[in-house]
file query30.pdb (PDB, C-alpha atoms, pLDDT in the B column)
ATOM      1  CA  SER A   1      45.077-188.297 164.168  1.00 25.00           C
ATOM      2  CA  VAL A   2      44.530-187.014 167.694  1.00 29.00           C
ATOM      3  CA  GLN A   3      46.521-188.846 170.340  1.00 32.00           C
ATOM      4  CA  VAL A   4      44.805-189.681 173.626  1.00 32.00           C
ATOM      5  CA  GLU A   5      46.424-187.764 176.464  1.00 38.00           C
ATOM      6  CA  GLN A   6      47.291-189.534 179.681  1.00 39.00           C
ATOM      7  CA  ASN A   7      45.438-188.976 182.964  1.00 41.00           C
ATOM      8  CA  LYS A   8      42.621-187.045 181.349  1.00 40.00           C
ATOM      9  CA  ILE A   9      39.086-186.992 182.648  1.00 43.00           C
ATOM     10  CA  PRO A  10      36.889-188.984 180.241  1.00 41.00           C
ATOM     11  CA  THR A  11      35.181-186.025 178.583  1.00 52.00           C
ATOM     12  CA  SER A  12      38.139-183.642 178.261  1.00 59.00           C
ATOM     13  CA  SER A  13      38.992-184.571 174.676  1.00 63.00           C
ATOM     14  CA  ASP A  14      35.375-184.109 173.632  1.00 63.00           C
ATOM     15  CA  ARG A  15      35.273-180.778 175.450  1.00 70.00           C
ATOM     16  CA  TYR A  16      38.488-179.680 173.766  1.00 72.00           C
ATOM     17  CA  TRP A  17      37.113-180.168 170.266  1.00 72.00           C
ATOM     18  CA  THR A  18      33.656-178.889 171.214  1.00 75.00           C
ATOM     19  CA  TYR A  19      35.093-175.500 172.168  1.00 77.00           C
ATOM     20  CA  PHE A  20      38.009-175.468 169.720  1.00 79.00           C
ATOM     21  CA  ASP A  21      36.277-173.270 167.175  1.00 79.00           C
ATOM     22  CA  GLU A  22      34.950-170.846 169.790  1.00 84.00           C
ATOM     23  CA  ALA A  23      38.221-170.606 171.733  1.00 86.00           C
ATOM     24  CA  TRP A  24      40.351-169.769 168.718  1.00 89.00           C
ATOM     25  CA  LYS A  25      37.850-167.325 167.258  1.00 88.00           C
ATOM     26  CA  GLN A  26      37.752-165.462 170.559  1.00 91.00           C
ATOM     27  CA  VAL A  27      41.546-165.224 170.648  1.00 92.00           C
ATOM     28  CA  ILE A  28      41.663-163.915 167.084  1.00 92.00           C
ATOM     29  CA  GLU A  29      38.947-161.329 167.647  1.00 92.00           C
ATOM     30  CA  ARG A  30      40.132-160.214 171.091  1.00 93.00           C
ATOM     31  CA  PHE A  31      43.804-159.942 170.185  1.00 94.00           C
ATOM     32  CA  PHE A  32      43.821-159.321 166.440  1.00 94.00           C
ATOM     33  CA  PRO A  33      46.262-156.362 166.538  1.00 95.00           C
ATOM     34  CA  GLN A  34      48.649-158.385 168.710  1.00 96.00           C
ATOM     35  CA  LEU A  35      48.276-161.366 166.369  1.00 95.00           C
ATOM     36  CA  LEU A  36      49.327-159.268 163.381  1.00 95.00           C
ATOM     37  CA  GLN A  37      52.139-157.642 165.342  1.00 96.00           C
ATOM     38  CA  PHE A  38      53.490-161.054 166.365  1.00 97.00           C
ATOM     39  CA  PHE A  39      53.238-162.879 163.041  1.00 95.00           C
ATOM     40  CA  VAL A  40      53.226-160.165 160.352  1.00 94.00           C
ATOM     41  CA  PRO A  41      54.781-157.012 161.869  1.00 96.00           C
ATOM     42  CA  GLN A  42      55.058-155.228 158.514  1.00 95.00           C
ATOM     43  CA  LEU A  43      51.299-155.581 157.957  1.00 93.00           C
ATOM     44  CA  TYR A  44      50.627-154.520 161.554  1.00 94.00           C
ATOM     45  CA  ALA A  45      52.613-151.334 160.986  1.00 95.00           C
ATOM     46  CA  ASP A  46      50.489-150.470 157.936  1.00 94.00           C
ATOM     47  CA  VAL A  47      47.049-151.080 159.502  1.00 93.00           C
ATOM     48  CA  ASP A  48      45.021-148.138 160.809  1.00 93.00           C
ATOM     49  CA  PHE A  49      43.661-149.573 164.056  1.00 93.00           C
ATOM     50  CA  SER A  50      41.727-146.383 164.771  1.00 93.00           C
ATOM     51  CA  LYS A  51      39.198-147.855 162.331  1.00 92.00           C
ATOM     52  CA  LYS A  52      37.136-150.902 163.188  1.00 92.00           C
ATOM     53  CA  VAL A  53      38.315-154.377 162.199  1.00 91.00           C
ATOM     54  CA  ASP A  54      35.434-156.181 160.501  1.00 90.00           C
ATOM     55  CA  PHE A  55      35.262-159.964 160.872  1.00 89.00           C
ATOM     56  CA  LEU A  56      33.376-161.366 157.901  1.00 85.00           C
ATOM     57  CA  ASP A  57      32.044-164.581 159.430  1.00 80.00           C
ATOM     58  CA  LYS A  58      28.990-164.872 157.183  1.00 83.00           C
ATOM     59  CA  GLU A  59      31.133-164.270 154.132  1.00 80.00           C
ATOM     60  CA  MET A  60      33.539-166.980 155.282  1.00 79.00           C
ATOM     61  CA  GLU A  61      30.660-169.427 155.689  1.00 78.00           C
ATOM     62  CA  ARG A  62      29.533-168.768 152.115  1.00 78.00           C
ATOM     63  CA  LEU A  63      33.049-169.154 150.779  1.00 73.00           C
ATOM     64  CA  ALA A  64      33.551-172.445 152.612  1.00 69.00           C
ATOM     65  CA  LYS A  65      30.326-173.719 150.974  1.00 61.00           C
ATOM     66  CA  ARG A  66      29.856-176.293 153.688  1.00 55.00           C
ATOM     67  CA  SER A  67      30.044-176.490 157.450  1.00 50.00           C
ATOM     68  CA  VAL A  68      32.237-179.244 158.839  1.00 50.00           C
ATOM     69  CA  LYS A  69      31.052-180.131 162.338  1.00 50.00           C
ATOM     70  CA  GLY A  70      33.958-180.967 164.599  1.00 49.00           C
ATOM     71  CA  ALA A  71      36.505-179.879 161.985  1.00 56.00           C
ATOM     72  CA  LYS A  72      39.985-179.443 163.419  1.00 64.00           C
ATOM     73  CA  TYR A  73      40.595-176.067 161.879  1.00 72.00           C
ATOM     74  CA  VAL A  74      39.213-172.545 162.140  1.00 79.00           C
ATOM     75  CA  ASP A  75      38.910-169.894 159.443  1.00 83.00           C
ATOM     76  CA  LYS A  76      38.540-166.176 160.095  1.00 86.00           C
ATOM     77  CA  LEU A  77      38.254-163.521 157.413  1.00 87.00           C
ATOM     78  CA  ALA A  78      38.969-159.964 158.511  1.00 89.00           C
ATOM     79  CA  LYS A  79      38.776-156.619 156.733  1.00 89.00           C
ATOM     80  CA  VAL A  80      41.007-153.815 157.931  1.00 91.00           C
ATOM     81  CA  TYR A  81      41.911-150.375 156.647  1.00 89.00           C
ATOM     82  CA  LEU A  82      45.490-149.380 155.981  1.00 91.00           C
ATOM     83  CA  LYS A  83      46.959-146.028 156.920  1.00 91.00           C
ATOM     84  CA  ASN A  84      46.939-145.083 153.240  1.00 89.00           C
ATOM     85  CA  GLY A  85      43.133-145.471 153.250  1.00 85.00           C
ATOM     86  CA  ARG A  86      42.953-148.709 151.305  1.00 85.00           C
ATOM     87  CA  GLU A  87      41.132-151.868 152.363  1.00 82.00           C
ATOM     88  CA  GLN A  88      43.073-155.045 153.136  1.00 87.00           C
ATOM     89  CA  TRP A  89      41.473-158.465 153.579  1.00 84.00           C
ATOM     90  CA  ILE A  90      43.197-161.001 155.802  1.00 87.00           C
ATOM     91  CA  LEU A  91      42.468-164.728 155.922  1.00 80.00           C
ATOM     92  CA  VAL A  92      43.601-166.353 159.169  1.00 81.00           C
ATOM     93  CA  HIS A  93      43.475-170.137 159.126  1.00 73.00           C
ATOM     94  CA  ILE A  94      44.134-172.160 162.292  1.00 69.00           C
ATOM     95  CA  GLU A  95      45.144-175.734 161.479  1.00 64.00           C
ATOM     96  CA  VAL A  96      45.611-178.451 164.089  1.00 56.00           C
ATOM     97  CA  GLN A  97      45.508-181.696 162.185  1.00 53.00           C
ATOM     98  CA  GLY A  98      48.256-183.963 163.462  1.00 49.00           C
ATOM     99  CA  TYR A  99      48.757-185.952 160.291  1.00 50.00           C
ATOM    100  CA  PRO A 100      50.031-185.186 156.792  1.00 52.00           C
ATOM    101  CA  GLU A 101      47.312-183.650 154.630  1.00 65.00           C
ATOM    102  CA  VAL A 102      48.157-183.204 150.984  1.00 66.00           C
ATOM    103  CA  GLY A 103      45.051-181.092 150.435  1.00 80.00           C
ATOM    104  CA  PHE A 104      45.856-178.406 152.990  1.00 83.00           C
ATOM    105  CA  SER A 105      47.659-176.008 150.653  1.00 87.00           C
ATOM    106  CA  LEU A 106      44.951-176.603 148.052  1.00 88.00           C
ATOM    107  CA  ARG A 107      42.321-175.590 150.600  1.00 85.00           C
ATOM    108  CA  MET A 108      44.239-172.381 151.301  1.00 87.00           C
ATOM    109  CA  PHE A 109      44.363-171.690 147.559  1.00 90.00           C
ATOM    110  CA  ARG A 110      40.640-172.344 147.149  1.00 89.00           C
ATOM    111  CA  TYR A 111      39.773-169.803 149.830  1.00 87.00           C
ATOM    112  CA  PHE A 112      42.112-167.320 148.173  1.00 90.00           C
ATOM    113  CA  TYR A 113      40.630-167.591 144.697  1.00 90.00           C
ATOM    114  CA  ARG A 114      37.030-167.705 145.960  1.00 89.00           C
ATOM    115  CA  ILE A 115      37.537-164.437 147.846  1.00 87.00           C
ATOM    116  CA  PHE A 116      39.273-162.860 144.871  1.00 89.00           C
ATOM    117  CA  ASP A 117      36.698-164.148 142.393  1.00 89.00           C
ATOM    118  CA  ARG A 118      33.814-162.847 144.512  1.00 86.00           C
ATOM    119  CA  HIS A 119      35.252-159.514 145.608  1.00 83.00           C
ATOM    120  CA  GLY A 120      38.420-158.827 143.615  1.00 85.00           C
ATOM    121  CA  LYS A 121      40.292-158.038 146.835  1.00 82.00           C
ATOM    122  CA  LYS A 122      43.953-158.427 147.666  1.00 83.00           C
ATOM    123  CA  ILE A 123      44.263-161.070 150.383  1.00 87.00           C
ATOM    124  CA  VAL A 124      46.908-161.831 152.981  1.00 90.00           C
ATOM    125  CA  SER A 125      46.589-165.576 153.616  1.00 90.00           C
ATOM    126  CA  MET A 126      48.161-166.950 156.769  1.00 89.00           C
ATOM    127  CA  ALA A 127      48.055-170.353 158.443  1.00 88.00           C
ATOM    128  CA  LEU A 128      48.877-171.028 162.090  1.00 88.00           C
ATOM    129  CA  LEU A 129      49.948-174.660 162.405  1.00 86.00           C
ATOM    130  CA  THR A 130      49.643-175.889 165.984  1.00 83.00           C
ATOM    131  CA  SER A 131      50.605-179.515 165.501  1.00 79.00           C
ATOM    132  CA  SER A 132      54.092-180.936 166.013  1.00 75.00           C
ATOM    133  CA  GLU A 133      53.824-182.631 162.612  1.00 71.00           C
ATOM    134  CA  THR A 134      56.066-181.071 159.960  1.00 66.00           C
ATOM    135  CA  SER A 135      54.499-182.281 156.730  1.00 61.00           C
ATOM    136  CA  THR A 136      51.310-180.205 156.621  1.00 65.00           C
ATOM    137  CA  GLY A 137      51.304-176.738 155.125  1.00 69.00           C
ATOM    138  CA  ASP A 138      54.556-175.604 153.517  1.00 79.00           C
ATOM    139  CA  GLY A 139      53.264-172.189 152.455  1.00 87.00           C
ATOM    140  CA  ARG A 140      53.020-173.015 148.772  1.00 89.00           C
ATOM    141  CA  TYR A 141      50.599-174.527 146.253  1.00 91.00           C
ATOM    142  CA  GLU A 142      51.512-175.167 142.622  1.00 92.00           C
ATOM    143  CA  LEU A 143      49.355-176.284 139.724  1.00 92.00           C
ATOM    144  CA  GLU A 144      51.207-176.755 136.430  1.00 94.00           C
ATOM    145  CA  ALA A 145      50.727-178.442 133.071  1.00 95.00           C
ATOM    146  CA  TYR A 146      52.926-178.050 130.004  1.00 95.00           C
ATOM    147  CA  GLY A 147      54.387-174.752 131.115  1.00 93.00           C
ATOM    148  CA  SER A 148      51.031-173.280 132.130  1.00 96.00           C
ATOM    149  CA  GLY A 149      49.804-172.986 135.684  1.00 95.00           C
ATOM    150  CA  VAL A 150      49.850-171.037 138.919  1.00 93.00           C
ATOM    151  CA  THR A 151      51.999-170.746 142.012  1.00 94.00           C
ATOM    152  CA  PHE A 152      50.233-169.618 145.199  1.00 93.00           C
ATOM    153  CA  ARG A 153      52.101-168.598 148.358  1.00 93.00           C
ATOM    154  CA  TYR A 154      50.679-168.128 151.824  1.00 91.00           C
ATOM    155  CA  LEU A 155      52.258-167.357 155.184  1.00 91.00           C
ATOM    156  CA  ALA A 156      52.704-170.526 157.259  1.00 89.00           C
ATOM    157  CA  PHE A 157      53.635-170.249 160.936  1.00 90.00           C
ATOM    158  CA  ARG A 158      54.457-173.498 162.741  1.00 90.00           C
ATOM    159  CA  LEU A 159      53.930-172.706 166.411  1.00 91.00           C
ATOM    160  CA  MET A 160      56.141-175.530 167.655  1.00 91.00           C
ATOM    161  CA  ASP A 161      59.136-173.976 165.865  1.00 93.00           C
ATOM    162  CA  TYR A 162      59.163-170.830 168.013  1.00 95.00           C
ATOM    163  CA  ASP A 163      61.960-170.635 170.571  1.00 96.00           C
ATOM    164  CA  ARG A 164      60.578-171.056 174.090  1.00 93.00           C
ATOM    165  CA  GLU A 165      63.118-168.757 175.731  1.00 94.00           C
ATOM    166  CA  LYS A 166      62.269-165.938 173.334  1.00 95.00           C
ATOM    167  CA  LEU A 167      58.540-166.516 173.815  1.00 95.00           C
ATOM    168  CA  GLU A 168      58.908-166.273 177.591  1.00 92.00           C
ATOM    169  CA  LYS A 169      60.560-162.858 177.191  1.00 92.00           C
ATOM    170  CA  ASP A 170      58.159-161.570 174.530  1.00 94.00           C
ATOM    171  CA  GLU A 171      55.584-159.157 175.989  1.00 92.00           C
ATOM    172  CA  ASN A 172      53.153-159.703 173.104  1.00 95.00           C
ATOM    173  CA  LEU A 173      49.984-161.483 174.263  1.00 93.00           C
ATOM    174  CA  MET A 174      50.267-163.940 171.376  1.00 96.00           C
ATOM    175  CA  ALA A 175      53.522-165.282 172.842  1.00 95.00           C
ATOM    176  CA  ILE A 176      51.432-166.715 175.695  1.00 95.00           C
ATOM    177  CA  VAL A 177      49.025-168.259 173.190  1.00 95.00           C
ATOM    178  CA  VAL A 178      51.911-169.887 171.306  1.00 95.00           C
ATOM    179  CA  LEU A 179      53.442-171.150 174.571  1.00 94.00           C
ATOM    180  CA  ALA A 180      50.110-172.694 175.576  1.00 94.00           C
ATOM    181  CA  CYS A 181      49.862-174.484 172.216  1.00 92.00           C
ATOM    182  CA  GLN A 182      53.397-175.805 172.614  1.00 93.00           C
ATOM    183  CA  GLU A 183      52.599-177.102 176.090  1.00 92.00           C
ATOM    184  CA  ARG A 184      49.538-178.932 174.827  1.00 90.00           C
ATOM    185  CA  GLU A 185      51.599-180.674 172.159  1.00 87.00           C
ATOM    186  CA  ARG A 186      54.238-181.683 174.712  1.00 88.00           C
ATOM    187  CA  ALA A 187      51.537-182.930 177.085  1.00 86.00           C
ATOM    188  CA  LYS A 188      50.321-185.335 174.412  1.00 81.00           C
ATOM    189  CA  GLN A 189      53.613-187.155 174.971  1.00 82.00           C
ATOM    190  CA  THR A 190      54.268-186.595 178.676  1.00 85.00           C
ATOM    191  CA  GLY A 191      50.794-186.201 180.152  1.00 81.00           C
ATOM    192  CA  GLU A 192      52.128-183.291 182.246  1.00 86.00           C
ATOM    193  CA  ARG A 193      49.883-180.236 182.171  1.00 88.00           C
ATOM    194  CA  PHE A 194      49.542-178.985 185.734  1.00 91.00           C
ATOM    195  CA  ASN A 195      52.909-177.220 186.102  1.00 90.00           C
ATOM    196  CA  ALA A 196      52.695-175.802 182.593  1.00 91.00           C
ATOM    197  CA  LYS A 197      49.239-174.379 183.227  1.00 91.00           C
ATOM    198  CA  ARG A 198      50.249-172.938 186.595  1.00 90.00           C
ATOM    199  CA  TYR A 199      53.341-171.333 185.066  1.00 91.00           C
ATOM    200  CA  LEU A 200      51.408-169.713 182.224  1.00 92.00           C
ATOM    201  CA  ILE A 201      48.657-168.364 184.467  1.00 90.00           C
ATOM    202  CA  ARG A 202      51.180-166.883 186.898  1.00 88.00           C
ATOM    203  CA  LYS A 203      52.888-165.200 183.955  1.00 89.00           C
ATOM    204  CA  LEU A 204      49.651-163.398 183.101  1.00 86.00           C
ATOM    205  CA  TYR A 205      49.604-161.618 186.455  1.00 85.00           C
ATOM    206  CA  GLU A 206      53.340-160.961 186.531  1.00 85.00           C
ATOM    207  CA  ARG A 207      53.303-159.162 183.173  1.00 85.00           C
ATOM    208  CA  GLY A 208      50.785-156.598 184.336  1.00 81.00           C
ATOM    209  CA  TYR A 209      48.274-157.136 181.545  1.00 87.00           C
ATOM    210  CA  ARG A 210      44.909-155.376 181.768  1.00 88.00           C
ATOM    211  CA  ARG A 211      41.949-157.189 183.270  1.00 87.00           C
ATOM    212  CA  GLU A 212      40.264-158.034 179.962  1.00 90.00           C
ATOM    213  CA  GLU A 213      43.552-159.249 178.523  1.00 92.00           C
ATOM    214  CA  ILE A 214      44.142-161.551 181.490  1.00 90.00           C
ATOM    215  CA  ARG A 215      40.617-162.904 181.337  1.00 89.00           C
ATOM    216  CA  GLY A 216      40.867-163.542 177.592  1.00 92.00           C
ATOM    217  CA  LEU A 217      44.195-165.355 177.892  1.00 93.00           C
ATOM    218  CA  PHE A 218      43.010-167.230 180.969  1.00 91.00           C
ATOM    219  CA  ASP A 219      40.010-168.570 179.049  1.00 90.00           C
ATOM    220  CA  PHE A 220      42.313-169.855 176.300  1.00 93.00           C
ATOM    221  CA  ILE A 221      44.828-171.459 178.681  1.00 92.00           C
ATOM    222  CA  ASP A 222      42.027-172.974 180.740  1.00 89.00           C
ATOM    223  CA  TRP A 223      40.613-174.587 177.616  1.00 89.00           C
ATOM    224  CA  ILE A 224      43.811-175.761 175.942  1.00 88.00           C
ATOM    225  CA  LEU A 225      45.387-177.265 179.108  1.00 90.00           C
ATOM    226  CA  GLN A 226      42.598-179.158 180.824  1.00 87.00           C
ATOM    227  CA  LEU A 227      43.284-180.876 184.152  1.00 87.00           C
ATOM    228  CA  ASN A 228      41.514-183.484 186.228  1.00 87.00           C
ATOM    229  CA  ASN A 229      39.200-182.332 189.018  1.00 87.00           C
ATOM    230  CA  GLU A 230      41.758-182.646 191.815  1.00 90.00           C
ATOM    231  CA  GLU A 231      44.390-180.665 189.912  1.00 90.00           C
ATOM    232  CA  GLU A 232      41.844-178.000 189.001  1.00 87.00           C
ATOM    233  CA  LYS A 233      40.935-177.484 192.665  1.00 89.00           C
ATOM    234  CA  ILE A 234      44.592-177.112 193.666  1.00 91.00           C
ATOM    235  CA  LEU A 235      45.279-174.670 190.862  1.00 89.00           C
ATOM    236  CA  TRP A 236      42.167-172.620 191.543  1.00 88.00           C
ATOM    237  CA  GLU A 237      43.192-172.160 195.187  1.00 88.00           C
ATOM    238  CA  GLU A 238      46.590-170.927 194.019  1.00 86.00           C
ATOM    239  CA  ILE A 239      44.947-168.489 191.617  1.00 86.00           C
ATOM    240  CA  LYS A 240      42.780-167.046 194.381  1.00 85.00           C
ATOM    241  CA  GLU A 241      45.836-166.606 196.617  1.00 85.00           C
ATOM    242  CA  LEU A 242      47.761-165.004 193.759  1.00 83.00           C
ATOM    243  CA  GLU A 243      44.960-162.539 193.060  1.00 80.00           C
ATOM    244  CA  GLU A 244      44.796-161.594 196.735  1.00 83.00           C
ATOM    245  CA  VAL A 245      48.546-160.948 196.869  1.00 81.00           C
ATOM    246  CA  LYS A 246      48.545-159.003 193.598  1.00 76.00           C
ATOM    247  CA  LYS A 247      45.281-157.254 194.525  1.00 78.00           C
ATOM    248  CA  MET A 248      43.971-158.248 191.096  1.00 73.00           C
ATOM    249  CA  PRO A 249      40.566-159.979 191.536  1.00 71.00           C
ATOM    250  CA  TYR A 250      40.082-160.637 187.829  1.00 72.00           C
ATOM    251  CA  ILE A 251      38.695-164.172 187.659  1.00 73.00           C
ATOM    252  CA  THR A 252      35.671-164.740 189.885  1.00 55.00           C
ATOM    253  CA  SER A 253      34.555-168.146 191.127  1.00 47.00           C
ATOM    254  CA  ALA A 254      31.285-167.824 189.200  1.00 38.00           C
ATOM    255  CA  GLU A 255      33.148-167.127 185.955  1.00 51.00           C
ATOM    256  CA  ARG A 256      35.521-170.025 186.591  1.00 53.00           C
ATOM    257  CA  ILE A 257      32.668-172.488 187.124  1.00 46.00           C
ATOM    258  CA  GLY A 258      30.934-171.152 184.023  1.00 45.00           C
TER     259      GLY A 258
END
call {"tool": "encode", "arguments": {"input": "query30.pdb", "output": "structure tokens"}}
result
Amino acid sequence: SVQVEQNKIPTSSDRYWTYFDEAWKQVIERFFPQLLQFFVPQLYADVDFSKKVDFLDKEMERLAKRSVKGAKYVDKLAKVYLKNGREQWILVHIEVQGYPEVGFSLRMFRYFYRIFDRHGKKIVSMALLTSSETSTGDGRYELEAYGSGVTFRYLAFRLMDYDREKLEKDENLMAIVVLACQERERAKQTGERFNAKRYLIRKLYERGYRREEIRGLFDFIDWILQLNNEEEKILWEEIKELEEVKKMPYITSAERIG
């Protein structure tokens, strides 16, 4: 289901999936307000971000019932407080499988009813679909027999469907994340990653983001658009020059090697 990209160093695909879970979880936790603002602005407007966002990782592990090593999806369960004082639970599911999966919507439904059965909480279920495939995750699951049954709806966001021109103008940090995901999908066909990675990294400095924001986005871009050793050296020299010009020494050599 995962196409082999051209001109990749031998271990890059393994490294991509090894850090997939960690990279996405860091993006979600670092930029959760921006994520809600980008995908569900009405919910973002109702959340009281003066109160801590709790990420219920242990609870999610219990609900999943089993750990799938190397699974090509990530689940995050978050608890926030609304401005009216109520709790709101949010399930964020990152899905990257590049083939049709009839069980995807069922899996979303299972998480929903397990959370509700265990805690009786209202849940906002959302799926971020990073693949260019169009047959996985339509935002709906139905189970019906003789007029009895259930219809479950979840929010499905297909990242490849977002307009590139609008993303390039959008100041929200998640627009960069979506652009990076689009570039990875395109690179699976063209093999071209260097110019895309350089463009995205330059955009970080041009937008005037804070240091921690740039470092967080840089980590994600660096992981999702991996280059060969020669290209990495060229790009790293450009980054150092850019930071000197901008007087923004945000990414140190030691951090980059790490």
call {"tool": "residues_around", "arguments": {"input": "query30.pdb", "residues": "Ile90 (chain A)", "least_positions_apart": "6", "cutoff": "6 Å", "atoms": "only C-alpha atoms", "output": "list in words"}}
result
Leu77, Ala78, Ile123 and Val124 of chain A
call {"tool": "closest_residue", "arguments": {"input": "query30.pdb", "among": "A:Val80, A:Leu200, A:Ile115, A:Val74", "to": "Ala175 (chain A)", "atoms": "all atoms listed in the file"}}
result
A:Leu200
call {"tool": "closest_residue", "arguments": {"input": "query30.pdb", "among": "A:Gly85, A:Glu243, A:Glu238, A:Phe109", "to": "Thr151 (chain A)", "atoms": "only C-alpha atoms"}}
result
A:Phe109
call {"tool": "resolve_selection", "arguments": {"input": "query30.pdb", "expression": "the PyMOL selection byres ((chain A and resi 36) around 12)", "output": "compact mmCIF listing (two decimals) with C-alpha atoms, keeping the file's coordinate frame"}}
result
# COMPACT_ATOMS: atom_id res chain seq x y z
CA ILE A 28 41.66 -163.92 167.08
CA GLU A 29 38.95 -161.33 167.65
CA PHE A 31 43.80 -159.94 170.18
CA PHE A 32 43.82 -159.32 166.44
CA PRO A 33 46.26 -156.36 166.54
CA GLN A 34 48.65 -158.38 168.71
CA LEU A 35 48.28 -161.37 166.37
CA GLN A 37 52.14 -157.64 165.34
CA PHE A 38 53.49 -161.05 166.36
CA PHE A 39 53.24 -162.88 163.04
CA VAL A 40 53.23 -160.16 160.35
CA PRO A 41 54.78 -157.01 161.87
CA GLN A 42 55.06 -155.23 158.51
CA LEU A 43 51.30 -155.58 157.96
CA TYR A 44 50.63 -154.52 161.55
CA ALA A 45 52.61 -151.33 160.99
CA ASP A 46 50.49 -150.47 157.94
CA VAL A 47 47.05 -151.08 159.50
CA PHE A 49 43.66 -149.57 164.06
CA ALA A 78 38.97 -159.96 158.51
CA VAL A 80 41.01 -153.82 157.93
CA ILE A 90 43.20 -161.00 155.80
CA LEU A 91 42.47 -164.73 155.92
CA VAL A 92 43.60 -166.35 159.17
CA VAL A 124 46.91 -161.83 152.98
CA SER A 125 46.59 -165.58 153.62
CA MET A 126 48.16 -166.95 156.77
CA LEU A 128 48.88 -171.03 162.09
CA LEU A 155 52.26 -167.36 155.18
CA ASN A 172 53.15 -159.70 173.10
CA LEU A 173 49.98 -161.48 174.26
CA MET A 174 50.27 -163.94 171.38
CA ALA A 175 53.52 -165.28 172.84
call {"tool": "atom_distance", "arguments": {"input": "query30.pdb", "atom1": "CA of Arg107 (chain A)", "atom2": "CA of Leu217 (chain A)"}}
result
29.2 Å
call {"tool": "closest_residue", "arguments": {"input": "query30.pdb", "among": "A:Asp222, A:Glu241, A:Glu206, A:Glu22", "to": "Lys76 (chain A)", "atoms": "only C-alpha atoms"}}
result
A:Glu22
call {"tool": "closest_residue", "arguments": {"input": "query30.pdb", "among": "A:Gln226, A:Asn195, A:Thr130, A:Ser148", "to": "Cys181 (chain A)", "atoms": "all atoms listed in the file"}}
result
A:Thr130
call {"tool": "atom_distance", "arguments": {"input": "query30.pdb", "atom1": "CA of Asn228 (chain A)", "atom2": "CA of Phe194 (chain A)"}}
result
9.2 Å
call {"tool": "build_atoms", "arguments": {"input": "query30.pdb", "residues": "region 156-160 of chain A", "atoms": "all heavy atoms", "output": "PDB file, in the coordinates of the input"}}
result
ATOM      1  N   ALA A 156      52.906-169.366 156.383  1.00 89.00           N
ATOM      2  CA  ALA A 156      52.704-170.526 157.259  1.00 89.00           C
ATOM      3  C   ALA A 156      53.565-170.366 158.502  1.00 89.00           C
ATOM      4  O   ALA A 156      54.787-170.209 158.402  1.00 89.00           O
ATOM      5  CB  ALA A 156      53.057-171.815 156.527  1.00 89.00           C
ATOM      6  N   PHE A 157      52.932-170.407 159.665  1.00 90.00           N
ATOM      7  CA  PHE A 157      53.635-170.249 160.936  1.00 90.00           C
ATOM      8  C   PHE A 157      53.441-171.507 161.770  1.00 90.00           C
ATOM      9  O   PHE A 157      52.335-171.785 162.229  1.00 90.00           O
ATOM     10  CB  PHE A 157      53.110-169.023 161.691  1.00 90.00           C
ATOM     11  CG  PHE A 157      53.203-167.749 160.903  1.00 90.00           C
ATOM     12  CD1 PHE A 157      52.082-167.252 160.236  1.00 90.00           C
ATOM     13  CD2 PHE A 157      54.394-167.058 160.808  1.00 90.00           C
ATOM     14  CE1 PHE A 157      52.160-166.082 159.500  1.00 90.00           C
ATOM     15  CE2 PHE A 157      54.480-165.877 160.075  1.00 90.00           C
ATOM     16  CZ  PHE A 157      53.359-165.395 159.426  1.00 90.00           C
ATOM     17  N   ARG A 158      54.516-172.270 161.945  1.00 90.00           N
ATOM     18  CA  ARG A 158      54.457-173.498 162.741  1.00 90.00           C
ATOM     19  C   ARG A 158      54.788-173.147 164.186  1.00 90.00           C
ATOM     20  O   ARG A 158      55.930-172.803 164.516  1.00 90.00           O
ATOM     21  CB  ARG A 158      55.439-174.528 162.182  1.00 90.00           C
ATOM     22  CG  ARG A 158      55.156-175.948 162.632  1.00 90.00           C
ATOM     23  CD  ARG A 158      56.053-176.926 161.890  1.00 90.00           C
ATOM     24  NE  ARG A 158      55.880-176.823 160.445  1.00 90.00           N
ATOM     25  CZ  ARG A 158      54.876-177.378 159.775  1.00 90.00           C
ATOM     26  NH1 ARG A 158      53.956-178.072 160.426  1.00 90.00           N
ATOM     27  NH2 ARG A 158      54.775-177.237 158.477  1.00 90.00           N
ATOM     28  N   LEU A 159      53.783-173.219 165.052  1.00 91.00           N
ATOM     29  CA  LEU A 159      53.930-172.706 166.411  1.00 91.00           C
ATOM     30  C   LEU A 159      54.976-173.470 167.221  1.00 91.00           C
ATOM     31  O   LEU A 159      55.625-172.894 168.098  1.00 91.00           O
ATOM     32  CB  LEU A 159      52.574-172.739 167.130  1.00 91.00           C
ATOM     33  CG  LEU A 159      51.433-171.976 166.448  1.00 91.00           C
ATOM     34  CD1 LEU A 159      50.249-171.842 167.388  1.00 91.00           C
ATOM     35  CD2 LEU A 159      51.882-170.613 165.944  1.00 91.00           C
ATOM     36  N   MET A 160      55.158-174.743 166.912  1.00 91.00           N
ATOM     37  CA  MET A 160      56.141-175.530 167.655  1.00 91.00           C
ATOM     38  C   MET A 160      57.577-175.121 167.332  1.00 91.00           C
ATOM     39  O   MET A 160      58.499-175.476 168.059  1.00 91.00           O
ATOM     40  CB  MET A 160      55.951-177.024 167.363  1.00 91.00           C
ATOM     41  CG  MET A 160      54.687-177.618 167.953  1.00 91.00           C
ATOM     42  SD  MET A 160      54.624-177.492 169.763  1.00 91.00           S
ATOM     43  CE  MET A 160      55.957-178.587 170.236  1.00 91.00           C
TER      44      MET A 160
END
